[in-house]
file upload-v9.txt (compact mmCIF, C-alpha atoms)
# COMPACT_ATOMS: atom_id res chain seq x y z
CA MET D 1 191.31 213.53 17.48
CA ILE D 2 193.54 213.03 20.52
CA MET D 3 196.95 211.82 19.37
CA THR D 4 200.12 210.68 21.14
CA SER D 5 203.61 210.15 19.78
CA ASN D 6 204.59 206.60 18.81
CA PRO D 7 207.09 205.46 21.48
CA ASP D 8 208.58 202.64 19.36
CA ASN D 9 209.39 204.66 16.30
CA PRO D 10 209.10 208.45 16.17
CA THR D 11 209.04 208.39 12.36
CA LEU D 12 205.70 206.55 12.42
CA PRO D 13 202.42 208.48 12.52
CA ALA D 14 201.25 209.21 16.05
CA GLU D 15 198.86 206.67 17.55
CA ALA D 16 195.24 207.63 18.05
CA ARG D 17 193.96 207.29 21.62
CA TRP D 18 190.46 206.35 20.49
CA PRO D 19 190.08 202.64 19.72
CA LYS D 20 189.66 201.75 16.06
CA TRP D 21 186.07 200.47 16.44
CA LEU D 22 185.04 203.82 17.96
CA ARG D 23 186.73 205.80 15.19
CA VAL D 24 185.04 203.62 12.55
CA THR D 25 181.62 203.90 14.25
CA VAL D 26 181.88 207.69 14.64
CA SER D 27 182.98 208.05 10.98
CA GLY D 28 180.08 205.81 9.88
CA VAL D 29 177.48 207.73 11.89
CA LEU D 30 178.85 211.08 10.66
CA GLY D 31 178.86 209.81 7.06
CA GLY D 32 175.26 208.61 7.42
CA LEU D 33 174.14 211.95 8.86
CA VAL D 34 175.90 213.89 6.10
CA GLY D 35 174.33 211.64 3.44
CA TYR D 36 170.85 211.93 4.96
CA GLY D 37 171.21 215.70 5.37
CA SER D 38 172.43 216.12 1.78
CA VAL D 39 169.44 214.23 0.35
CA LYS D 40 167.04 216.20 2.58
CA LEU D 41 168.58 219.49 1.41
CA LEU D 42 168.44 218.32 -2.22
CA PHE D 43 164.69 217.60 -1.95
CA MET D 44 164.12 220.92 -0.16
CA ALA D 45 165.99 222.82 -2.89
CA MET D 46 164.39 220.87 -5.76
CA PRO D 47 160.91 219.79 -4.63
CA ASP D 48 159.98 218.64 -8.17
CA LEU D 49 162.46 215.76 -8.09
CA PRO D 50 160.78 212.34 -8.30
CA GLY D 51 160.76 210.62 -4.91
CA PRO D 52 162.26 207.17 -4.27
CA PRO D 53 160.33 204.20 -5.72
CA ASN D 54 158.15 202.22 -3.36
CA LEU D 55 160.51 199.43 -2.33
CA GLY D 56 160.31 196.85 0.43
CA TRP D 57 163.00 196.82 3.13
CA PRO D 58 164.82 193.79 1.65
CA GLN D 59 165.30 195.67 -1.63
CA ILE D 60 166.37 198.86 0.16
CA ALA D 61 168.79 196.79 2.26
CA ALA D 62 170.13 195.09 -0.90
CA ILE D 63 170.69 198.47 -2.59
CA MET D 64 172.46 199.82 0.52
CA PHE D 65 174.50 196.63 0.71
CA ALA D 66 175.50 196.98 -2.95
CA ALA D 67 176.43 200.66 -2.49
CA ILE D 68 178.47 200.03 0.68
CA SER D 69 180.20 197.03 -0.94
CA LEU D 70 181.03 199.14 -3.99
CA VAL D 71 182.69 201.83 -1.86
CA ILE D 72 184.54 199.32 0.36
CA GLY D 73 185.66 197.31 -2.68
CA ILE D 74 187.14 200.43 -4.30
CA ILE D 75 188.85 201.40 -1.01
CA VAL D 76 190.37 197.92 -0.61
CA LEU D 77 191.61 197.94 -4.22
CA ALA D 78 193.15 201.38 -3.62
CA MET D 79 194.79 200.04 -0.43
CA SER D 80 196.37 197.22 -2.43
CA ALA D 81 198.06 199.81 -4.66
CA SER D 82 200.29 201.29 -1.94
CA ARG D 83 201.79 199.93 1.24
CA ARG D 84 201.21 203.28 2.97
CA PHE D 85 197.58 202.31 3.45
CA TYR D 86 198.01 199.17 5.52
CA ASP D 87 200.30 200.01 8.38
CA LEU D 88 199.35 197.96 11.40
CA GLU D 89 198.04 199.18 14.71
CA ASN D 90 200.70 198.78 17.44
CA ALA D 91 203.34 197.83 14.88
CA SER D 92 206.89 198.97 15.58
CA GLU D 93 207.73 199.72 11.96
CA GLU D 94 206.26 200.75 8.63
CA ALA D 95 205.32 198.22 5.96
CA GLY D 96 208.23 197.48 3.62
CA PRO D 97 208.27 196.62 -0.10
CA GLU D 98 208.55 192.90 0.64
CA GLU D 99 205.42 193.02 2.75
CA HIS D 100 203.66 194.97 0.04
CA ARG D 101 204.60 192.28 -2.48
CA ARG D 102 203.17 189.64 -0.16
CA VAL D 103 200.03 191.35 1.13
CA ALA D 104 198.90 193.31 -1.95
CA PRO D 105 197.65 190.28 -3.98
CA GLY D 106 195.41 189.17 -1.09
CA LEU D 107 194.01 192.67 -0.70
CA ARG D 108 193.42 192.90 -4.45
CA LEU D 109 191.54 189.59 -4.40
CA ALA D 110 189.46 190.73 -1.42
CA GLY D 111 188.62 193.97 -3.25
CA ILE D 112 187.52 192.02 -6.34
CA ALA D 113 185.36 189.70 -4.17
CA ILE D 114 183.69 192.68 -2.47
CA LEU D 115 182.99 194.33 -5.84
CA ALA D 116 181.50 191.05 -7.09
CA MET D 117 179.24 191.03 -4.03
CA ALA D 118 178.20 194.60 -4.86
CA ALA D 119 177.23 193.44 -8.37
CA GLU D 120 175.31 190.47 -6.92
CA PHE D 121 173.24 192.60 -4.55
CA GLY D 122 172.76 195.30 -7.19
CA ALA D 123 171.30 192.66 -9.53
CA LEU D 124 169.12 191.20 -6.76
CA ALA D 125 167.69 194.65 -5.98
CA MET D 126 166.43 195.13 -9.53
CA PRO D 127 162.63 195.05 -9.95
CA PRO D 128 161.72 191.38 -10.50
CA GLU D 129 160.49 191.56 -14.11
CA ARG D 130 160.73 188.50 -16.36
CA SER D 131 162.67 190.41 -19.01
CA HIS D 132 165.40 191.20 -16.47
CA PHE D 133 165.89 187.58 -15.52
CA PRO D 134 168.68 186.54 -17.95
CA ILE D 135 170.81 189.59 -17.08
CA VAL D 136 170.18 189.28 -13.33
CA PHE D 137 170.93 185.57 -13.35
CA ALA D 138 174.08 186.02 -15.47
CA VAL D 139 175.39 188.77 -13.16
CA ILE D 140 174.71 186.67 -10.05
CA ALA D 141 176.26 183.52 -11.54
CA LEU D 142 179.37 185.42 -12.65
CA SER D 143 179.62 187.17 -9.29
CA LEU D 144 179.41 183.86 -7.42
CA LEU D 145 182.10 182.38 -9.66
CA VAL D 146 184.37 185.38 -9.01
CA GLN D 147 183.71 185.22 -5.23
CA GLY D 148 184.43 181.48 -5.19
CA TRP D 149 187.65 181.90 -7.17
CA THR D 150 188.90 184.81 -5.04
CA SER D 151 188.11 182.95 -1.81
CA TRP D 152 190.10 179.95 -3.02
CA ARG D 153 193.04 182.12 -4.08
CA ILE D 154 192.99 184.01 -0.73
CA TRP D 155 193.06 180.68 1.11
CA GLN D 156 195.91 179.39 -1.06
CA ASN D 157 198.00 182.57 -0.68
CA GLY D 158 197.22 183.12 3.00
CA ASP D 159 199.60 182.34 5.82
CA GLU D 160 198.53 180.58 9.01
CA LEU D 161 196.99 183.64 10.67
CA GLU D 162 194.82 184.41 7.65
CA ARG D 163 193.70 180.79 7.46
CA ALA D 164 193.01 180.65 11.20
CA VAL D 165 190.85 183.77 10.95
CA THR D 166 188.99 182.26 7.97
CA LEU D 167 188.31 179.04 9.89
CA GLU D 168 187.25 180.82 13.08
CA ALA D 169 185.00 183.18 11.14
CA SER D 170 183.44 180.27 9.22
CA THR D 171 182.68 178.41 12.46
CA LEU D 172 181.08 181.49 14.01
CA ALA D 173 179.19 182.27 10.81
CA ILE D 174 177.68 178.76 10.60
CA GLY D 175 176.43 179.08 14.17
CA LEU D 176 174.98 182.53 13.53
CA VAL D 177 173.30 181.52 10.28
CA LEU D 178 171.70 178.45 11.88
CA LEU D 179 170.53 180.59 14.81
CA ILE D 180 168.99 183.21 12.52
CA LEU D 181 167.30 180.67 10.23
CA SER D 182 166.00 178.66 13.20
CA LEU D 183 164.39 181.79 14.63
CA TRP D 184 163.26 183.15 11.25
CA ALA D 185 161.47 179.94 10.20
CA PRO D 186 158.84 179.90 12.99
CA LEU D 187 158.42 183.70 12.88
CA ALA D 188 157.85 183.53 9.09
CA LEU D 189 155.48 180.56 9.39
CA TYR D 190 153.27 182.58 11.74
CA GLY D 191 153.53 185.71 9.61
CA PHE D 192 155.60 187.89 11.95
CA VAL D 193 158.46 188.39 9.44
CA PRO D 194 158.44 188.21 5.62
CA PHE D 195 159.09 184.87 3.95
CA ASP D 196 161.24 186.62 1.37
CA PRO D 197 164.42 184.97 -0.01
CA LEU D 198 166.04 188.38 -0.61
CA ALA D 199 165.44 189.39 3.03
CA VAL D 200 166.90 186.06 4.21
CA LEU D 201 169.91 186.45 1.92
CA VAL D 202 170.65 190.01 3.12
CA VAL D 203 170.43 189.02 6.80
CA VAL D 204 172.44 185.82 6.32
CA THR D 205 175.14 187.67 4.38
CA LEU D 206 175.42 190.19 7.21
CA ALA D 207 175.63 187.30 9.68
CA VAL D 208 178.58 185.90 7.70
CA ILE D 209 180.38 189.21 7.25
CA ALA D 210 180.04 190.43 10.85
CA PRO D 211 182.17 187.70 12.52
CA THR D 212 184.72 187.95 9.72
CA ILE D 213 185.22 191.68 10.34
CA TRP D 214 185.21 191.21 14.13
CA LEU D 215 187.80 188.42 14.04
CA THR D 216 189.94 190.26 11.50
CA VAL D 217 190.20 193.18 13.93
CA GLN D 218 190.59 190.93 17.01
CA ARG D 219 193.52 189.07 15.50
CA GLY D 220 195.21 192.25 14.33
CA LEU D 221 194.73 191.63 10.60
CA GLY D 222 192.89 194.90 10.06
CA ALA D 223 194.87 197.58 8.35
CA MET V 1 205.40 187.48 37.14
CA PHE V 2 205.72 187.24 33.39
CA VAL V 3 204.43 183.65 33.43
CA SER V 4 201.82 183.98 36.14
CA ASP V 5 200.12 186.80 34.24
CA SER V 6 199.71 184.66 31.18
CA LEU V 7 196.60 182.67 32.12
CA THR V 8 194.67 185.66 33.33
CA HIS V 9 195.35 187.54 30.12
CA ARG V 10 192.64 187.82 27.44
CA ASP V 11 191.33 184.36 26.55
CA GLN V 12 194.22 182.48 28.14
CA ARG V 13 196.72 183.15 25.40
CA LEU V 14 200.36 182.18 25.81
CA GLN V 15 202.80 184.87 26.79
CA ASN V 16 205.78 184.96 24.52
CA ARG V 17 209.22 186.51 24.25
CA LEU V 18 209.28 186.74 20.49
CA LYS V 19 209.76 190.51 20.53
CA GLU V 20 212.68 190.34 23.00
CA HIS V 21 214.48 187.72 20.90
CA ARG V 22 213.74 189.59 17.67
CA LEU V 23 215.05 192.88 19.05
CA ALA V 24 218.12 191.15 20.49
CA ARG V 25 219.01 190.19 16.92
CA GLY V 26 218.23 193.65 15.64
CA TRP V 27 215.56 192.34 13.29
CA SER V 28 212.42 194.15 12.24
CA GLN V 29 209.05 192.39 12.29
CA GLY V 30 209.25 192.24 8.50
CA GLN V 31 212.65 190.51 8.58
CA LEU V 32 211.45 187.94 11.11
CA ALA V 33 208.32 187.37 9.03
CA GLU V 34 210.53 186.76 6.01
CA GLU V 35 212.69 184.28 7.93
CA LEU V 36 209.66 182.36 9.18
CA ASP V 37 207.75 182.57 5.88
CA VAL V 38 204.69 184.30 7.33
CA THR V 39 203.30 187.81 6.99
CA ARG V 40 204.27 190.72 9.25
CA GLN V 41 200.65 190.74 10.45
CA THR V 42 201.21 187.28 11.93
CA ILE V 43 204.40 188.35 13.74
CA ASN V 44 202.66 191.48 15.01
CA ALA V 45 199.62 189.47 16.15
CA VAL V 46 201.83 187.00 18.06
CA GLU V 47 203.92 189.73 19.68
CA THR V 48 200.83 191.64 20.79
CA ASP V 49 199.17 188.46 22.20
CA ARG V 50 196.37 188.49 19.66
CA TYR V 51 197.22 185.12 18.19
CA ASP V 52 198.91 181.93 19.40
CA PRO V 53 201.08 180.50 16.62
CA SER V 54 200.73 176.94 15.35
CA LEU V 55 203.12 174.32 16.73
CA PRO V 56 205.17 174.21 13.48
CA LEU V 57 205.58 178.01 13.53
CA ALA V 58 206.51 178.00 17.24
CA LEU V 59 209.10 175.29 16.59
CA ARG V 60 210.51 177.15 13.60
CA ALA V 61 210.81 180.34 15.66
CA ALA V 62 212.58 178.45 18.48
CA LYS V 63 215.01 176.87 16.00
CA LEU V 64 215.66 180.24 14.39
CA PHE V 65 216.58 181.85 17.71
CA GLY V 66 218.41 178.74 18.94
CA VAL V 67 216.36 178.42 22.12
CA PRO V 68 213.96 175.74 23.43
CA VAL V 69 210.37 176.47 22.47
CA GLU V 70 209.40 176.90 26.14
CA ALA V 71 211.92 179.75 26.41
CA LEU V 72 210.03 181.55 23.68
CA PHE V 73 206.44 180.71 24.60
CA LEU V 74 205.59 180.73 28.29
CA ASP V 75 202.80 178.84 30.01
CA ASP V 76 202.25 178.12 33.71
CA TRP V 77 200.04 175.07 33.22
CA MET V 78 201.11 172.02 35.26
CA PRO V 79 199.86 168.43 35.24
CA LYS V 80 197.43 167.71 38.13
CA GLU V 81 199.79 165.45 40.07
CA ARG V 82 202.47 168.17 40.23
CA ARG V 83 200.20 171.01 41.41
call {"tool": "encode", "arguments": {"input": "upload-v9.txt", "output": "structure tokens"}}
result
Amino acid sequence: MIMTSNPDNPTLPAEARWPKWLRVTVSGVLGGLVGYGSVKLLFMAMPDLPGPPNLGWPQIAAIMFAAISLVIGIIVLAMSASRRFYDLENASEEAGPEEHRRVAPGLRLAGIAILAMAAEFGALAMPPERSHFPIVFAVIALSLLVQGWTSWRIWQNGDELERAVTLEASTLAIGLVLLILSLWAPLALYGFVPFDPLAVLVVVTLAVIAPTIWLTVQRGLGA
Amino acid sequence: MFVSDSLTHRDQRLQNRLKEHRLARGWSQGQLAEELDVTRQTINAVETDRYDPSLPLALRAAKLFGVPVEALFLDDWMPKERR
């Protein structure tokens, strides 16, 4: 990675010359390739291993969503434990203990919400057998309660920038969701895409998360 | 120059002199955030032109530094009759 010294404060870590979105994308692609390569090698080394079950793309997407949310949730919870993890891009100083006291609860709540989402999508990806229903429904209901509670607490604890980002992201998300559903409905009616609630939920959830992440970075709230 | 750049910058955000006033007092972003009861992320976002503060926050910042709000937040907009 190409690095330069931080002109504002030489005690801070050097700034990376690559933009954050590029670093995140490259890390994601590398991680995906390593994961794919590892599984390929595993099956080459142990050909007797049972292959993956025959799942539709909505279930595969839900499993991936649950796995990614689990990892991100754990990372966010770990970030809330130490202020060293959320120094700001272009900031002229390191995060202090007062900032940690103020920011950590919001990060902790966000981590809990993300883990609850992981549980929700994990439950939704289970094979739809009648005997699973009470557990699946209980997990989803509990997860929605936790997500609702954390969202409310984040809103209450947030300052004006956090609330502005929430409102902007909500406005964008409503537009995106309506756009997707308006296009999906005719395509599903004519049989071009599946009329599957899980598929709709996965795509709609992505449509809600994407503007939130984008605006969080745009407004400088990203760690 | 400082003002005339403002409306061509990003999505027409205000230019501001928050950082100059903060540094003149020898305050860190964290100290200013504490004074204004916001997070350091908000101060950083305002200083780096990623976010325009609300009117109450702009007024609080102006009061804190003892300057008119238009000395802190710069905008070259003029009413039509004066252009």
call {"tool": "residues_around", "arguments": {"input": "upload-v9.txt", "residues": "stretch 21-26 of chain V", "least_positions_apart": "3", "cutoff": "9 Å", "atoms": "all atoms listed in the file", "output": "PyMOL selection string"}}
result
chain V and resi 17-18+29+32+65+72
call {"tool": "atom_distance", "arguments": {"input": "upload-v9.txt", "atom1": "atom CA of D:Leu178", "atom2": "atom CA of D:Thr216"}}
result
21.7 Å
call {"tool": "interface_residues", "arguments": {"input": "upload-v9.txt", "of": "chain V", "to": "chain D", "cutoff": "12 Å", "atoms": "all atoms listed in the file", "output": "MDAnalysis selection string"}}
result
chainID V and resid 10:11 13 19 22:23 27:34 36:58
call {"tool": "residues_around", "arguments": {"input": "upload-v9.txt", "residues": "D:Leu77", "least_positions_apart": "6", "cutoff": "8 Å", "atoms": "all atoms listed in the file", "output": "list in words"}}
result
Leu107, Arg108, Gly111 and Ile112 of chain D
call {"tool": "residues_around", "arguments": {"input": "upload-v9.txt", "residues": "D:Thr166", "least_positions_apart": "6", "cutoff": "12 Å", "atoms": "only C-alpha atoms", "output": "ChimeraX atom specification"}}
result
/D:151-152,154-156,158-160,172-173,208-209,211-216,219,221
call {"tool": "axis_aligned_box", "arguments": {"input": "upload-v9.txt", "around": "stretch 185-201 of chain D", "padding_each_side": "5 Å", "output": "lines of an AutoDock Vina configuration file"}}
result
center_x = 161.6
center_y = 184.6
center_z = 6.2
size_x = 26.6
size_y = 19.5
size_z = 23.6
call {"tool": "atom_distance", "arguments": {"input": "upload-v9.txt", "atom1": "atom CA of D:Pro186", "atom2": "atom CA of D:Thr205"}}
result
20.0 Å
call {"tool": "closest_residue", "arguments": {"input": "upload-v9.txt", "among": "D:Arg153, D:Arg163, D:Arg101, D:Arg23", "to": "D:Ser82", "atoms": "all atoms listed in the file"}}
result
D:Arg101
call {"tool": "residues_around", "arguments": {"input": "upload-v9.txt", "residues": "D:Gly148", "least_positions_apart": "6", "cutoff": "12 Å", "atoms": "all atoms listed in the file", "output": "list in words"}}
result
Leu109, Ala110, Ile112, Ala113, Ile114, Ala116, Met117, Ala141, Leu142, Ile154 and Trp155 of chain D
call {"tool": "atom_distance", "arguments": {"input": "upload-v9.txt", "atom1": "atom CA of D:Gln59", "atom2": "atom CA of D:Ala125"}}
result
5.1 Å
call {"tool": "residues_around", "arguments": {"input": "upload-v9.txt", "residues": "V:Ala62", "least_positions_apart": "5", "cutoff": "9 Å", "atoms": "only C-alpha atoms", "output": "list in words"}}
result
Leu57, Val67, Pro68, Val69, Glu70, Ala71, Leu72 and Phe73 of chain V
call {"tool": "closest_residue", "arguments": {"input": "upload-v9.txt", "among": "D:Leu176, D:Val203, D:Met126, D:Ala210", "to": "D:Ile63", "atoms": "all atoms listed in the file"}}
result
D:Met126
call {"tool": "residues_near_point", "arguments": {"input": "upload-v9.txt", "point": "(177.5, 204.8, -0.6)", "cutoff": "12 Å", "atoms": "only C-alpha atoms", "output": "mmCIF file with C-alpha atoms, in the frame of the given file"}}
result
data_model
loop_
_atom_site.group_PDB
_atom_site.id
_atom_site.type_symbol
_atom_site.label_atom_id
_atom_site.label_comp_id
_atom_site.auth_asym_id
_atom_site.auth_seq_id
_atom_site.Cartn_x
_atom_site.Cartn_y
_atom_site.Cartn_z
ATOM 1 C CA GLY D 28 180.080 205.810 9.880
ATOM 2 C CA GLY D 31 178.860 209.810 7.060
ATOM 3 C CA GLY D 32 175.260 208.610 7.420
ATOM 4 C CA VAL D 34 175.900 213.890 6.100
ATOM 5 C CA GLY D 35 174.330 211.640 3.440
ATOM 6 C CA TYR D 36 170.850 211.930 4.960
ATOM 7 C CA ILE D 63 170.690 198.470 -2.590
ATOM 8 C CA MET D 64 172.460 199.820 0.520
ATOM 9 C CA PHE D 65 174.500 196.630 0.710
ATOM 10 C CA ALA D 66 175.500 196.980 -2.950
ATOM 11 C CA ALA D 67 176.430 200.660 -2.490
ATOM 12 C CA ILE D 68 178.470 200.030 0.680
ATOM 13 C CA SER D 69 180.200 197.030 -0.940
ATOM 14 C CA LEU D 70 181.030 199.140 -3.990
ATOM 15 C CA VAL D 71 182.690 201.830 -1.860
ATOM 16 C CA ILE D 72 184.540 199.320 0.360
ATOM 17 C CA GLY D 73 185.660 197.310 -2.680
ATOM 18 C CA ILE D 74 187.140 200.430 -4.300
ATOM 19 C CA ILE D 75 188.850 201.400 -1.010
ATOM 20 C CA ALA D 118 178.200 194.600 -4.860
#
call {"tool": "closest_residue", "arguments": {"input": "upload-v9.txt", "among": "D:Ala207, D:Ala81, D:Leu189, D:Val136", "to": "D:Val177", "atoms": "only C-alpha atoms"}}
result
D:Ala207
